[in-house]
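Asker: Okay, here's the structure, questions in a sec.
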Amino acid sequence: MLKNFLSFIAVDGYITPEQAGKLKIIKGHFEDLESRKAELEKLILALAAPYQQELDIILTAPSFKNIFSAITVISEIGVNMEAFPSAKHLCSWAGLTPTNNESAGKKKSVRVSKAGCYIKPLLVQCANSVVKSEKHPEIRNRYLRIKKRRGHKKAIIAIARMLLTALYSMLKKKEPYNAELYKKSDAFPAKREITVEQAYTISSTSRL
């Protein structure tokens, strides 16, 4: 009887005055945090307004659907890609390129550096998201090929590096994402003999 009565109270939503007071304080604190968050987002959007063209370009990249993700990219690498001699330099700076510590013909370490502590987690998160989707087979197929040989973690880093390479090219050329550039090398030719142009395309995209 007592058990049924307590269950009824729980389902009915009965709370004590003390609990109601605590909930009121928590609710006020939550609303205050939401207000501060809205103010910060408004300030960030105002600061990012001069870079609207670059933001629109970044938002065409796979998995970049949130304006604040695009802002994070610009806040980390800027909009002038002349600061980086090549996409490889940018990827190395972001900590997405394994180091090459070799001595006496033996590799001591191929760990990825810890640089890019803000942009690297974002790119890894985007990579994890895009490889689950079938909207971008040029990325998903590359992920599956690398995963089969080297495992999930290294495959995700490779896709993150691919995304950053694409962003570098997009910002430098002021052009939206073009999946066709990656689809050309997605399927290898059936014949063993290939043209110089095919070899160049495959080698260029395989480094992404």
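Please note that chains go A, B, ... in the order of the structure tokens, that every chain numbers its residues from 1, and that ligands are numbered from 1 in the order shown.
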Counting only C-alpha atoms, which residues of range 118-153 of chain A fall within 8 Å of range 164-181 of chain A, and what is the closest atom pair for each with its distance in Å at one decimal, ordered by chain and rising number, as CSV?
Answerer:
```
residue,atom,partner,partner_atom,distance
A:Leu123,CA,A:Leu164,CA,7.4
A:His136,CA,A:Ala179,CA,7.6
A:Glu138,CA,A:Ala179,CA,7.1
```
Asker: Would you return as a ChimeraX atom specification the members of range 2-76 of chain A that DSSP assigns to alpha helix (DSSP H) on this structure's backbone?
Answerer: /A:2-12,17-48,52-58,67-76
Asker: Between A:Leu40, A:Ile77, A:Leu122, A:Leu96, which has the minimum distance to Met162 in chain A (counting only C-alpha atoms)?
Answerer: A:Leu96
Asker: Smallest atom-to-atom distance to Ile74 in chain A: which of A:Leu55, A:Asp32, A:Ala127, A:Ser92, using only C-alpha atoms?
Answerer: A:Leu55
Asker: CA of Ala83 in chain A to CA of Leu59 in chain A: how many Å, to one decimal?
Answerer: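 That distance, rounded to one decimal, is 21.7 Å.
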Asker: Which one of A:Tyr143, A:Tyr51, A:Phe68, A:Phe84 sits closest to Val130 in chain A if you count only C-alpha atoms?
Answerer: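 Smallest separation from Val130 in chain A among the options: A:Tyr143.
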Asker: Report, in Å with one decimal, the straight-line distance from CA of Gly28 in chain A to CA of Ala46 in chain A.
Answerer: 27.2 Å
Asker: Quick one, how far is CA of Tyr118 in chain A from CA of Val73 in chain A?
Answerer: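 Value for the CA of Tyr118 in chain A-CA of Val73 in chain A distance: 9.0 Å.
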Asker: I'd like the neighbourhood of Lys135 in chain A as a PyMOL selection string, where a residue qualifies if any of its atoms comes within 12 Å (using only C-alpha atoms), though same-chain residues fewer than 5 positions away should be ignored.
Answerer: chain A and resi 61-63+129-130+140-141+179
